[in-house]
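coords_23.txt follows (compact mmCIF, C-alpha atoms):
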```
# COMPACT_ATOMS: atom_id res chain seq x y z
CA MET N 1 -33.15 162.88 118.88
CA ARG N 2 -36.20 162.42 116.65
CA ASP N 3 -34.50 164.48 113.94
CA PHE N 4 -31.46 162.25 113.96
CA ILE N 5 -33.65 159.17 113.61
CA LYS N 6 -35.31 160.82 110.61
CA VAL N 7 -31.90 161.59 109.09
CA ALA N 8 -30.70 158.04 109.78
CA ILE N 9 -33.79 156.63 108.06
CA GLY N 10 -33.17 158.90 105.06
CA ILE N 11 -29.56 157.78 104.79
CA ILE N 12 -30.47 154.11 105.23
CA ILE N 13 -33.05 154.33 102.43
CA ALA N 14 -30.46 155.97 100.14
CA PHE N 15 -27.83 153.38 101.10
CA LEU N 16 -30.28 150.55 100.36
CA PHE N 17 -31.14 152.16 97.03
CA TYR N 18 -27.47 152.42 96.05
CA THR N 19 -26.58 148.91 97.28
CA ILE N 20 -29.39 147.22 95.41
CA PHE N 21 -29.16 149.18 92.18
CA SER N 22 -25.36 149.13 92.01
CA ARG N 23 -25.75 145.35 91.69
CA VAL N 24 -29.04 145.05 89.80
CA SER N 25 -29.05 148.01 87.41
CA PRO N 26 -26.30 150.66 87.74
CA PRO N 27 -27.80 153.02 85.10
CA VAL N 28 -30.66 153.74 87.54
CA LEU N 29 -28.10 155.39 89.82
CA LEU N 30 -27.20 157.80 87.05
CA LEU N 31 -30.85 158.70 86.65
CA PHE N 32 -31.72 159.29 90.29
CA ASN N 33 -29.41 161.07 92.72
CA VAL N 34 -31.18 159.84 95.86
CA LEU N 35 -28.39 160.85 98.26
CA SER N 36 -28.69 164.46 97.13
CA LEU N 37 -32.43 164.34 97.69
CA VAL N 38 -31.79 163.33 101.31
CA VAL N 39 -29.28 166.19 101.68
CA ILE N 40 -31.60 168.79 100.11
CA TYR N 41 -34.65 167.64 102.08
CA PHE N 42 -32.93 168.00 105.44
CA ALA N 43 -31.10 171.19 104.39
CA VAL N 44 -34.49 172.77 103.68
CA GLU N 45 -35.92 171.46 106.94
CA LYS N 46 -32.98 172.20 109.26
CA GLY N 47 -30.93 174.91 107.60
CA GLU N 48 -27.67 175.33 105.71
CA VAL N 49 -25.25 174.12 108.41
CA PHE N 50 -27.14 170.89 108.92
CA GLY N 51 -27.41 170.53 105.14
CA SER N 52 -23.70 171.01 104.55
CA CYS N 53 -22.73 168.55 107.33
CA LEU N 54 -25.17 165.98 106.00
CA GLY N 55 -23.79 166.68 102.52
CA ALA N 56 -20.30 165.77 103.73
CA ALA N 57 -21.58 162.49 105.20
CA CYS N 58 -23.66 161.55 102.16
CA GLY N 59 -20.77 162.52 99.88
CA LEU N 60 -18.65 159.95 101.64
CA ILE N 61 -21.24 157.28 100.83
CA HIS N 62 -21.38 158.47 97.21
CA ASP N 63 -17.59 158.26 96.94
CA TYR N 64 -17.64 154.79 98.45
CA PHE N 65 -20.07 153.56 95.82
CA SER N 66 -18.29 155.29 92.96
CA PHE N 67 -14.87 153.91 94.06
CA GLY N 68 -13.50 157.36 93.35
CA VAL N 69 -11.35 159.82 95.26
CA TYR N 70 -12.91 160.40 98.68
CA GLY N 71 -13.95 164.01 99.01
CA VAL N 72 -15.01 164.79 95.45
CA GLY N 73 -18.64 163.80 95.96
CA GLY N 74 -18.54 165.16 99.51
CA LEU N 75 -17.41 168.61 98.42
CA ALA N 76 -20.16 168.88 95.80
CA LYS N 77 -22.82 167.64 98.20
CA THR N 78 -21.60 169.92 101.01
CA ALA N 79 -21.95 172.97 98.77
CA THR N 80 -25.36 171.77 97.55
CA GLY N 81 -26.58 171.21 101.10
CA TYR N 82 -25.48 174.69 102.12
CA LEU N 83 -27.03 176.31 99.06
CA ALA N 84 -30.30 174.40 99.53
CA GLY N 85 -30.59 175.53 103.15
CA TYR N 86 -29.67 179.11 102.33
CA LEU N 87 -31.97 179.51 99.31
CA SER N 88 -34.95 177.85 100.97
CA LYS N 89 -34.91 180.64 103.58
CA LYS N 90 -35.04 183.28 100.88
CA ILE N 91 -37.66 181.81 98.56
CA ASP N 92 -40.85 179.85 99.05
CA ILE N 93 -40.37 176.38 97.60
CA GLY N 94 -43.65 174.95 98.87
CA PRO N 95 -45.63 174.66 95.61
CA PRO N 96 -44.75 171.39 93.78
CA LEU N 97 -43.78 173.06 90.50
CA ARG N 98 -41.50 175.55 92.23
CA ASN N 99 -40.10 172.70 94.30
CA PHE N 100 -39.37 170.80 91.08
CA PHE N 101 -37.41 173.71 89.59
CA PHE N 102 -35.60 174.33 92.88
CA LEU N 103 -34.47 170.70 92.98
CA ALA N 104 -33.52 170.68 89.30
CA VAL N 105 -31.35 173.79 89.69
CA LEU N 106 -29.59 172.35 92.76
CA ILE N 107 -28.92 169.00 91.07
CA ILE N 108 -27.54 170.79 87.99
CA PHE N 109 -25.32 172.87 90.28
CA GLU N 110 -24.07 169.75 92.05
CA LEU N 111 -23.50 167.87 88.80
CA ILE N 112 -21.47 170.73 87.31
CA LEU N 113 -19.42 171.15 90.49
CA TRP N 114 -18.80 167.41 90.75
CA ALA N 115 -17.82 167.17 87.05
CA LEU N 116 -15.40 170.09 87.37
CA LEU N 117 -13.77 168.60 90.47
CA TYR N 118 -13.65 165.17 88.85
CA PHE N 119 -11.95 166.58 85.73
CA PHE N 120 -9.50 168.53 87.86
CA ILE N 121 -8.54 165.67 90.19
CA VAL N 122 -9.02 162.54 88.06
CA PRO N 123 -7.90 163.18 84.47
CA GLU N 124 -10.38 160.69 83.02
CA SER N 125 -13.61 160.99 81.10
CA ILE N 126 -16.86 160.76 83.06
CA ASN N 127 -19.19 157.87 82.40
CA THR N 128 -22.34 159.56 81.12
CA GLY N 129 -24.22 156.26 80.78
CA LYS N 130 -24.98 157.03 77.12
CA GLY N 131 -26.35 160.44 78.08
CA LEU N 132 -28.42 159.25 81.06
CA ILE N 133 -26.52 161.53 83.42
CA PHE N 134 -27.83 164.60 81.55
CA ILE N 135 -31.40 163.61 82.41
CA GLN N 136 -30.44 163.21 86.09
CA PRO N 137 -31.46 166.74 87.18
CA LEU N 138 -34.95 166.39 85.71
CA SER N 139 -35.60 162.81 86.81
CA THR N 140 -34.23 163.44 90.31
CA ALA N 141 -36.18 166.69 90.62
CA PHE N 142 -39.35 164.92 89.53
CA LEU N 143 -38.83 162.08 92.00
CA GLY N 144 -37.91 164.55 94.75
CA SER N 145 -40.88 166.86 94.24
CA VAL N 146 -43.30 163.91 94.27
CA VAL N 147 -41.72 162.34 97.39
CA PHE N 148 -41.46 165.69 99.23
CA PHE N 149 -45.09 166.47 98.35
CA PHE N 150 -46.27 163.22 99.93
CA ILE N 151 -44.01 163.60 102.96
CA ARG N 152 -45.42 167.09 103.56
CA LYS N 153 -48.98 165.85 103.13
CA LEU N 154 -48.33 163.03 105.56
CA THR N 155 -46.67 165.22 108.19
CA THR N 156 -49.39 167.92 107.97
CA LYS N 157 -52.06 165.24 108.35
CA ASN N 158 -50.34 163.88 111.45
CA LYS N 159 -50.18 167.33 113.02
CA TYR N 160 -53.97 167.67 113.15
CA MET U 1 -27.61 186.51 117.82
CA PRO U 2 -27.85 189.13 115.01
CA LEU U 3 -28.63 187.64 111.59
CA PHE U 4 -25.39 188.76 109.92
CA LEU U 5 -23.32 187.14 112.70
CA LYS U 6 -25.30 183.89 112.41
CA GLU U 7 -24.81 183.87 108.63
CA ARG U 8 -21.12 184.55 109.09
CA LYS U 9 -20.85 181.62 111.50
CA ASN U 10 -22.68 179.35 109.06
CA PHE U 11 -20.40 180.48 106.26
CA THR U 12 -17.33 179.75 108.40
CA ILE U 13 -18.60 176.20 108.96
CA LEU U 14 -19.04 175.80 105.20
CA ILE U 15 -15.48 177.01 104.56
CA ALA U 16 -14.18 174.60 107.24
CA LEU U 17 -16.03 171.69 105.60
CA ILE U 18 -14.68 172.63 102.16
CA LEU U 19 -11.14 172.79 103.56
CA PHE U 20 -11.67 169.40 105.18
CA HIS U 21 -12.62 167.93 101.80
CA PHE U 22 -9.62 169.50 100.07
CA LEU U 23 -7.41 168.03 102.77
CA LEU U 24 -9.07 164.66 102.31
CA ILE U 25 -8.54 164.77 98.54
CA SER U 26 -4.92 165.87 98.82
CA MET U 27 -4.23 163.06 101.32
CA GLN U 28 -5.07 160.51 98.63
CA VAL U 29 -3.25 162.07 95.69
CA PRO U 30 0.43 161.29 96.38
CA LEU U 31 -0.27 157.65 97.23
CA GLY U 32 -1.12 156.76 93.65
CA GLU U 33 -2.27 153.14 93.49
CA LYS U 34 -1.89 152.53 97.22
CA ALA U 35 -5.03 153.06 99.27
CA SER U 36 -4.86 155.52 102.16
CA LEU U 37 -5.75 154.55 105.72
CA PHE U 38 -8.88 156.66 105.43
CA GLU U 39 -9.90 154.90 102.22
CA LYS U 40 -9.26 151.51 103.81
CA THR U 41 -11.30 152.46 106.88
CA VAL U 42 -14.30 153.69 104.88
CA PHE U 43 -14.14 150.60 102.68
CA SER U 44 -14.00 148.34 105.75
CA VAL U 45 -16.93 150.12 107.39
CA PHE U 46 -19.30 150.26 104.43
CA SER U 47 -18.46 146.95 102.74
CA PRO U 48 -19.89 144.68 105.45
CA LEU U 49 -23.05 146.83 105.44
CA ARG U 50 -23.38 146.44 101.71
CA HIS U 51 -22.57 142.74 101.96
CA GLY U 52 -25.18 142.34 104.68
CA ILE U 53 -27.91 144.10 102.72
CA LEU U 54 -27.23 142.05 99.60
CA SER U 55 -27.08 138.83 101.61
CA PHE U 56 -30.36 139.75 103.30
CA PHE U 57 -32.16 140.26 99.99
CA LYS U 58 -30.47 137.22 98.51
CA GLY U 59 -31.57 135.27 101.57
CA ILE U 60 -35.20 136.35 101.12
CA GLY U 61 -34.99 135.38 97.46
CA ASN U 62 -33.45 132.05 98.37
CA VAL U 63 -36.16 131.28 100.93
CA TRP U 64 -38.78 131.85 98.29
CA THR U 65 -37.12 129.82 95.57
CA ASN U 66 -35.79 127.07 97.82
CA TYR U 67 -38.77 126.37 100.03
CA PHE U 68 -41.77 127.38 98.00
CA TYR U 69 -40.73 126.84 94.46
CA LEU U 70 -38.05 124.56 93.04
CA ARG U 71 -36.55 123.20 96.22
CA ASN U 72 -34.62 120.22 94.94
CA VAL U 73 -33.95 121.49 91.46
CA LYS U 74 -32.40 124.63 92.86
CA SER U 75 -29.89 122.79 95.03
CA GLN U 76 -29.03 120.42 92.19
CA ASN U 77 -28.54 123.30 89.82
CA LYS U 78 -26.26 125.06 92.23
CA LYS U 79 -24.13 121.96 92.64
CA MET U 80 -23.94 121.46 88.90
CA GLU U 81 -23.11 125.10 88.31
CA GLU U 82 -20.24 124.76 90.77
CA GLU U 83 -19.00 121.66 88.95
CA ILE U 84 -19.28 123.34 85.55
CA PHE U 85 -17.42 126.31 86.91
CA PHE U 86 -14.42 124.18 87.89
CA LEU U 87 -14.65 122.10 84.73
CA ARG U 88 -14.47 125.23 82.60
CA GLN U 89 -11.42 126.42 84.49
CA GLU U 90 -9.85 122.99 84.11
CA ASN U 91 -10.73 122.85 80.44
CA ASN U 92 -9.24 126.23 79.78
CA LEU U 93 -6.09 125.32 81.64
CA LEU U 94 -5.84 122.07 79.70
CA ARG U 95 -6.02 123.89 76.40
CA ASN U 96 -3.25 126.22 77.41
CA ALA U 97 -1.21 123.60 79.21
CA ILE U 98 -1.20 121.05 76.38
CA GLN U 99 0.81 123.53 74.37
CA ARG U 100 3.25 124.15 77.19
CA PHE U 101 3.87 120.85 78.97
CA GLN U 102 5.42 117.79 77.47
CA SER U 103 4.71 114.96 79.89
CA GLU U 104 1.27 113.85 81.10
CA ARG U 105 2.50 113.52 84.66
CA GLU U 106 3.67 117.10 84.70
CA LEU U 107 0.29 118.14 83.34
CA GLN U 108 -1.59 116.19 86.07
CA GLU U 109 0.54 117.77 88.77
CA LYS U 110 -0.11 121.24 87.43
CA LEU U 111 -3.87 120.53 87.15
CA LEU U 112 -4.11 119.40 90.74
CA GLU U 113 -2.13 122.39 91.89
CA MET U 114 -4.33 124.74 89.88
CA HIS U 115 -7.52 123.19 91.28
CA GLU U 116 -6.34 123.89 94.80
CA ASN U 117 -5.54 127.45 93.91
CA ILE U 118 -8.90 128.48 92.50
CA LEU U 119 -11.31 130.37 94.75
CA SER U 120 -14.85 130.97 93.58
CA ALA U 121 -16.25 134.46 94.26
CA HIS U 122 -19.33 136.52 93.46
CA VAL U 123 -19.50 140.08 92.22
CA ILE U 124 -21.44 142.12 94.78
CA GLY U 125 -20.96 145.66 93.54
CA LEU U 126 -20.08 147.75 90.52
CA ASP U 127 -18.48 151.16 90.19
CA THR U 128 -21.52 153.43 90.03
CA ASP U 129 -19.74 156.28 88.26
CA SER U 130 -17.85 154.23 85.73
CA TYR U 131 -19.03 150.65 85.28
CA TYR U 132 -16.07 149.26 83.37
CA LYS U 133 -13.33 150.15 85.83
CA THR U 134 -13.74 148.13 88.99
CA VAL U 135 -16.05 145.66 90.71
CA ILE U 136 -16.31 144.38 94.29
CA ILE U 137 -16.22 140.66 95.07
CA ASN U 138 -17.36 138.89 98.23
CA ARG U 139 -13.92 137.57 99.20
CA GLY U 140 -11.35 139.34 101.32
CA THR U 141 -8.28 138.89 103.46
CA LEU U 142 -10.07 136.23 105.54
CA ASP U 143 -10.25 134.08 102.40
CA GLY U 144 -6.59 134.68 101.66
CA ILE U 145 -7.08 137.38 99.02
CA LYS U 146 -4.01 139.50 98.32
CA LYS U 147 -3.20 142.40 96.05
CA ASN U 148 -2.50 141.56 92.38
CA MET U 149 -4.15 138.12 92.44
CA ILE U 150 -5.66 137.30 89.07
CA VAL U 151 -9.41 137.14 88.50
CA LEU U 152 -10.98 135.03 85.73
CA ASP U 153 -14.59 134.64 84.57
CA LYS U 154 -16.66 131.41 84.48
CA ASN U 155 -14.94 130.35 81.28
CA GLY U 156 -11.41 131.07 82.43
CA ASN U 157 -11.04 134.32 80.50
CA LEU U 158 -9.16 137.21 82.03
CA VAL U 159 -11.27 139.67 84.04
CA GLY U 160 -8.67 141.65 85.97
CA ARG U 161 -6.63 141.71 89.15
CA ILE U 162 -7.18 142.44 92.84
CA ILE U 163 -6.32 145.98 93.89
CA GLU U 164 -6.53 147.84 97.18
CA PRO U 165 -8.48 148.42 99.36
CA ILE U 166 -9.14 144.85 100.51
CA SER U 167 -11.34 144.36 103.58
CA LEU U 168 -11.95 141.19 105.60
CA LYS U 169 -14.69 139.85 103.34
CA GLU U 170 -14.58 142.11 100.26
CA ALA U 171 -12.02 143.04 97.66
CA ARG U 172 -11.83 145.34 94.70
CA VAL U 173 -11.02 144.05 91.22
CA GLN U 174 -9.53 146.28 88.54
CA LEU U 175 -11.07 145.18 85.25
CA ILE U 176 -9.02 144.89 82.06
CA THR U 177 -11.47 147.41 80.56
CA ASP U 178 -10.25 150.09 82.99
CA ASP U 179 -8.28 152.73 81.08
CA ALA U 180 -5.75 152.82 83.93
CA SER U 181 -4.87 149.13 83.58
CA GLY U 182 -1.97 147.76 81.54
CA ILE U 183 -1.32 144.13 80.66
CA GLY U 184 1.56 142.60 78.74
CA VAL U 185 0.02 140.57 75.89
CA PHE U 186 0.73 139.15 72.48
CA SER U 187 -1.30 138.03 69.52
CA GLN U 188 -1.82 134.28 69.35
CA LYS U 189 -0.67 133.55 65.78
CA LYS U 190 2.60 135.40 65.38
CA SER U 191 3.15 136.52 68.97
CA VAL U 192 3.19 140.23 68.19
CA PRO U 193 3.72 141.90 71.59
CA GLY U 194 1.78 144.87 72.91
CA ILE U 195 0.15 146.44 75.97
CA LEU U 196 -3.55 145.87 76.53
CA THR U 197 -5.41 148.73 78.23
CA GLY U 198 -9.10 149.44 78.67
CA ASP U 199 -10.93 152.24 76.92
CA GLY U 200 -13.15 152.80 79.96
CA GLU U 201 -16.24 152.02 77.88
CA GLY U 202 -16.28 148.25 77.87
CA GLN U 203 -13.60 147.51 75.29
CA CYS U 204 -9.80 147.28 75.26
CA LEU U 205 -7.06 148.79 73.14
CA LEU U 206 -3.92 146.97 72.08
CA LYS U 207 -1.21 149.60 72.23
CA TYR U 208 2.36 149.93 70.93
CA VAL U 209 2.00 147.67 67.91
CA LEU U 210 4.05 149.35 65.20
CA ALA U 211 2.21 150.70 62.17
CA THR U 212 4.68 148.79 60.02
CA ALA U 213 3.35 145.41 61.28
CA ARG U 214 1.96 143.52 58.27
CA SER U 215 -1.55 142.08 58.04
CA ASP U 216 -0.19 138.53 58.07
CA GLU U 217 1.46 139.28 61.41
CA ILE U 218 -1.62 140.63 63.18
CA SER U 219 -5.20 140.53 61.91
CA GLU U 220 -8.82 140.96 62.95
CA GLY U 221 -10.43 138.01 64.73
CA GLU U 222 -7.16 136.97 66.33
CA ASP U 223 -7.01 136.05 70.02
CA ILE U 224 -5.01 138.16 72.44
CA ILE U 225 -3.33 136.27 75.27
CA THR U 226 -1.27 137.39 78.24
CA SER U 227 2.49 137.28 77.81
CA GLY U 228 3.58 137.41 81.44
CA TYR U 229 6.08 140.19 80.69
CA ASP U 230 4.36 142.52 83.16
CA ARG U 231 5.18 140.08 86.02
CA ILE U 232 1.59 140.30 87.28
CA TYR U 233 -0.54 138.31 84.84
CA PRO U 234 0.70 134.77 84.16
CA PRO U 235 1.23 133.88 80.49
CA GLY U 236 -1.32 132.07 78.33
CA ILE U 237 -4.62 133.50 79.60
CA LYS U 238 -7.10 134.56 76.94
CA ALA U 239 -7.98 138.25 77.25
CA GLY U 240 -9.94 139.11 74.12
CA LYS U 241 -10.31 139.12 70.38
CA ILE U 242 -9.19 141.80 67.91
CA VAL U 243 -12.23 143.46 66.35
CA SER U 244 -10.65 146.27 64.36
CA ILE U 245 -7.24 147.43 63.20
CA THR U 246 -6.73 150.87 61.73
CA SER U 247 -3.64 152.82 60.82
CA ASP U 248 -3.35 156.57 60.75
CA SER U 249 -0.34 158.86 60.56
CA SER U 250 0.92 157.85 64.01
CA LEU U 251 3.75 155.43 64.76
CA HIS U 252 1.43 152.74 66.13
CA LYS U 253 -1.67 150.95 64.93
CA HIS U 254 -5.05 151.60 66.55
CA ILE U 255 -6.24 148.14 67.57
CA VAL U 256 -9.55 147.56 69.33
CA VAL U 257 -9.94 144.35 71.33
CA ASP U 258 -13.23 142.95 72.53
CA PRO U 259 -12.69 141.36 75.95
CA TYR U 260 -13.81 137.74 76.28
CA PHE U 261 -15.46 138.22 79.63
CA ASP U 262 -19.03 139.47 79.40
CA PHE U 263 -19.47 142.42 81.73
CA HIS U 264 -23.26 142.03 81.84
CA TYR U 265 -23.05 138.43 83.04
CA LEU U 266 -20.17 138.91 85.42
CA ASP U 267 -21.63 137.17 88.44
CA GLN U 268 -19.34 134.32 89.45
CA VAL U 269 -15.60 134.72 89.06
CA ALA U 270 -12.50 132.69 89.90
CA VAL U 271 -9.60 134.11 91.87
CA ILE U 272 -6.23 132.49 91.33
CA MET U 273 -4.95 132.21 94.87
CA LYS U 274 -1.33 132.67 93.97
CA SER U 275 0.29 136.05 94.03
CA PRO U 276 2.34 137.05 90.95
CA VAL U 277 5.55 136.49 92.93
CA GLU U 278 4.58 132.86 93.61
CA ILE U 279 3.41 132.27 90.05
CA PHE U 280 6.61 133.58 88.51
CA LYS U 281 8.76 131.76 91.07
CA ASP U 282 7.18 128.50 89.85
```
In structure tokens, how does this file's structure come out?
Amino acid sequence: MRDFIKVAIGIIIAFLFYTIFSRVSPPVLLLFNVLSLVVIYFAVEKGEVFGSCLGAACGLIHDYFSFGVYGVGGLAKTATGYLAGYLSKKIDIGPPLRNFFFLAVLIIFELILWALLYFFIVPESINTGKGLIFIQPLSTAFLGSVVFFFIRKLTTKNKY
Amino acid sequence: MPLFLKERKNFTILIALILFHFLLISMQVPLGEKASLFEKTVFSVFSPLRHGILSFFKGIGNVWTNYFYLRNVKSQNKKMEEEIFFLRQENNLLRNAIQRFQSERELQEKLLEMHENILSAHVIGLDTDSYYKTVIINRGTLDGIKKNMIVLDKNGNLVGRIIEPISLKEARVQLITDDASGIGVFSQKKSVPGILTGDGEGQCLLKYVLATARSDEISEGEDIITSGYDRIYPPGIKAGKIVSITSDSSLHKHIVVDPYFDFHYLDQVAVIMKSPVEIFKD
């Protein structure tokens, strides 16, 4: 039950982020893929199945905000969630720098998968936001590694 | 459970989820412009949430500005803004109508009718993947919004039309800058016809103007207005201004049109509450 509350809070924060910035400053959404951070965080914590299911749910929200074909964002996020959960069992992603690279690789993977699906299904050019989208993996990974670092610090502190 | 069996089970779930997404995508493909039931449901579920969040933050902002800051000035400004909004619409209509109607009485009747048919709306969301395609407004079926109703900006310039999905209190607007849109237009001076489409990057392209068209027929700086030939957009609405005309080896000219509506200040819009069928019946 507590886990689901945590997940709900994560999704609500991401939904708030998207709602506010889609009105105030849409380019920020190209810089930070907050929904994917939620998916990756819980995939690492709970495993690949949880990650992929959460990826499907968060993908739906992404597709709602992008007014695109429902399923494109979901498919990319499902695969990312699964991969995040699977890889985190094989390698130690605890140290912040390693965590940063882990996040960057996953976001690049998701971006490529999403772009390929988008090209295949919607024969239109992708809005790169004057190149902002190419910085997304690094900016999101940076944000994610900082946030995850503080969450871990906070949760370890509470344990003792 | 042995590890390999657990991994196999996990992998099966992943495959099932991927198949679900493919099914979801394929469900939407054959419908074309029409929104699927799934799409409508998701839109109806998330839109009120989004509306609520924005209203909440707007409410907090309003409390601050109204009660602690410029209480009276704020309310006066809002009232005046509303008046200016309608005056601009009226002014724009007058400009167009003067050219079309002969008698003053006929003009007055049309003005009154137009006033009753304008609904003010606010933009509450943009397309996060591609800004210049669609926006969401805070009016829906409860306000009488229907598909293909025309949307204008504060100054009465063409913004786009309502497309599906439409929920109870929200609707989606396809902008004229969307590369999937198509509007029957002509140039203001010599009425050279063409199709106006978006380039998906904030500007429009005037298509199907023959390369043989002379410079005295169509030139840079000229206004582009709707022709009504598409049976969706009523005639006489200003859409944009020609910024460049180039000719290459192709059959048609490459004409770039700068839309009159300013995407960055697209806050309040006007919805013409008549469907194309009603407009063209009149």
Quiz item: Between U:Glu170, U:Tyr131, U:Asp143, U:Gln89, which is the closest to Ile237 of chain U once you count only C-alpha atoms?
Solution: U:Gln89
Considering only C-alpha atoms, tabulate each residue of chain N that lies at most 10 Å from chain U along with its nearest interatomic pair and the corresponding distance in Å to one decimal; arrange the rows by chain and ascending residue number and present them as a Markdown table.
```
| residue | atom | partner | partner_atom | distance |
| --- | --- | --- | --- | --- |
| N:Phe15 | CA | U:Arg50 | CA | 8.3 |
| N:Leu16 | CA | U:Ile53 | CA | 7.3 |
| N:Tyr18 | CA | U:Thr128 | CA | 8.5 |
| N:Thr19 | CA | U:Arg50 | CA | 6.0 |
| N:Ile20 | CA | U:Leu54 | CA | 7.0 |
| N:Phe21 | CA | U:Thr128 | CA | 9.0 |
| N:Ser22 | CA | U:Leu126 | CA | 5.7 |
| N:Arg23 | CA | U:Gly125 | CA | 5.1 |
| N:Val24 | CA | U:Gly125 | CA | 8.9 |
| N:Ser25 | CA | U:Leu126 | CA | 9.5 |
| N:Pro26 | CA | U:Thr128 | CA | 6.0 |
| N:Pro27 | CA | U:Thr128 | CA | 8.0 |
| N:Val28 | CA | U:Thr128 | CA | 9.5 |
| N:Leu29 | CA | U:Thr128 | CA | 6.9 |
| N:Leu30 | CA | U:Asp129 | CA | 7.7 |
| N:Gly47 | CA | U:Asn10 | CA | 9.5 |
| N:Glu48 | CA | U:Asn10 | CA | 7.2 |
| N:Val49 | CA | U:Asn10 | CA | 5.9 |
| N:Phe50 | CA | U:Asn10 | CA | 9.6 |
| N:Gly51 | CA | U:Leu14 | CA | 9.9 |
| N:Ser52 | CA | U:Leu14 | CA | 6.7 |
| N:Cys53 | CA | U:Leu17 | CA | 7.6 |
| N:Gly55 | CA | U:Leu17 | CA | 9.7 |
| N:Ala56 | CA | U:Leu17 | CA | 7.5 |
| N:Gly59 | CA | U:His21 | CA | 10.0 |
| N:Leu60 | CA | U:Val42 | CA | 8.3 |
| N:Ile61 | CA | U:Phe46 | CA | 8.1 |
| N:His62 | CA | U:Thr128 | CA | 8.8 |
| N:Asp63 | CA | U:Asp129 | CA | 9.2 |
| N:Tyr64 | CA | U:Phe43 | CA | 6.9 |
| N:Phe65 | CA | U:Thr128 | CA | 6.0 |
| N:Ser66 | CA | U:Thr128 | CA | 4.7 |
| N:Phe67 | CA | U:Asp127 | CA | 6.0 |
| N:Gly68 | CA | U:Asp129 | CA | 8.1 |
| N:Val69 | CA | U:Ile25 | CA | 6.6 |
| N:Tyr70 | CA | U:Ile25 | CA | 6.2 |
| N:Gly71 | CA | U:His21 | CA | 5.0 |
| N:Val72 | CA | U:Ile25 | CA | 7.2 |
| N:Gly73 | CA | U:His21 | CA | 9.3 |
| N:Gly74 | CA | U:His21 | CA | 6.9 |
| N:Leu75 | CA | U:His21 | CA | 5.9 |
| N:Ala76 | CA | U:Ile18 | CA | 9.2 |
| N:Thr78 | CA | U:Leu17 | CA | 7.4 |
| N:Ala79 | CA | U:Leu14 | CA | 7.6 |
| N:Gly81 | CA | U:Leu14 | CA | 9.7 |
| N:Tyr82 | CA | U:Leu14 | CA | 7.2 |
| N:Tyr86 | CA | U:Glu7 | CA | 9.3 |
| N:Ile121 | CA | U:Ile25 | CA | 8.4 |
| N:Val122 | CA | U:Val29 | CA | 9.6 |
| N:Glu124 | CA | U:Asp179 | CA | 8.5 |
| N:Ser125 | CA | U:Gly200 | CA | 8.3 |
| N:Ile126 | CA | U:Ser130 | CA | 7.1 |
| N:Asn127 | CA | U:Ser130 | CA | 5.1 |
| N:Thr128 | CA | U:Asp129 | CA | 8.3 |
| N:Gly129 | CA | U:Ser130 | CA | 8.3 |
| N:Ile133 | CA | U:Asp129 | CA | 9.8 |
```
Contacts of Val185 of chain U within 9 Å, only C-alpha atoms, excl. fewer than 4 positions in-chain, as a compact mmCIF listing (two decimals) with C-alpha atoms, keeping the file's coordinate frame:
```txt
# COMPACT_ATOMS: atom_id res chain seq x y z
CA SER U 191 3.15 136.52 68.97
CA VAL U 192 3.19 140.23 68.19
CA PRO U 193 3.72 141.90 71.59
CA GLY U 194 1.78 144.87 72.91
CA ILE U 195 0.15 146.44 75.97
CA LEU U 196 -3.55 145.87 76.53
CA LEU U 206 -3.92 146.97 72.08
CA ILE U 224 -5.01 138.16 72.44
CA ILE U 225 -3.33 136.27 75.27
CA THR U 226 -1.27 137.39 78.24
CA SER U 227 2.49 137.28 77.81
CA GLY U 228 3.58 137.41 81.44
CA TYR U 229 6.08 140.19 80.69
CA ASP U 230 4.36 142.52 83.16
CA PRO U 235 1.23 133.88 80.49
CA GLY U 236 -1.32 132.07 78.33
CA ALA U 239 -7.98 138.25 77.25
```
Quiz item: To one decimal place, how far is atom CA of Ile9 of chain N from atom CA of Leu154 of chain N in Å?
Solution: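 Calculated distance between atom CA of Ile9 of chain N and atom CA of Leu154 of chain N is 16.1 Å.
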What are the centre and edge lengths in Å, to one decimal, of the axis-aligned box around all listed atoms of segment 128-143 of chain N with 5 Å added on each side, as lines of an AutoDock Vina configuration file?
```
center_x = -30.8
center_y = 161.5
center_z = 84.6
size_x = 27.0
size_y = 20.5
size_z = 24.9
```
Quiz prompt | Distance in Å - atom CA of Pro48 of chain U versus atom CA of His122 of chain U | solution =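 Separating atom CA of Pro48 of chain U from atom CA of His122 of chain U is a distance of 14.5 Å.
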Exercise. Kindly indicate which residue among U:Asp153, U:Glu83, U:Glu222, U:Glu217 lies nearest to Asp258 of chain U, using all atoms listed in the file for the distances.
Key: U:Glu222
Exercise. Would you kindly return, as a list in words, each protein, DNA or RNA residue with an atom no farther than 9 Å from any atom of Phe42 of chain N, considering only C-alpha atoms and excluding same-chain residues fewer than 2 positions away?
Key: Val7, Leu37, Val38, Val39, Ile40, Val44, Glu45, Lys46, Gly47, Phe50, Gly51, Leu54, Gly81 and Gly85 of chain N
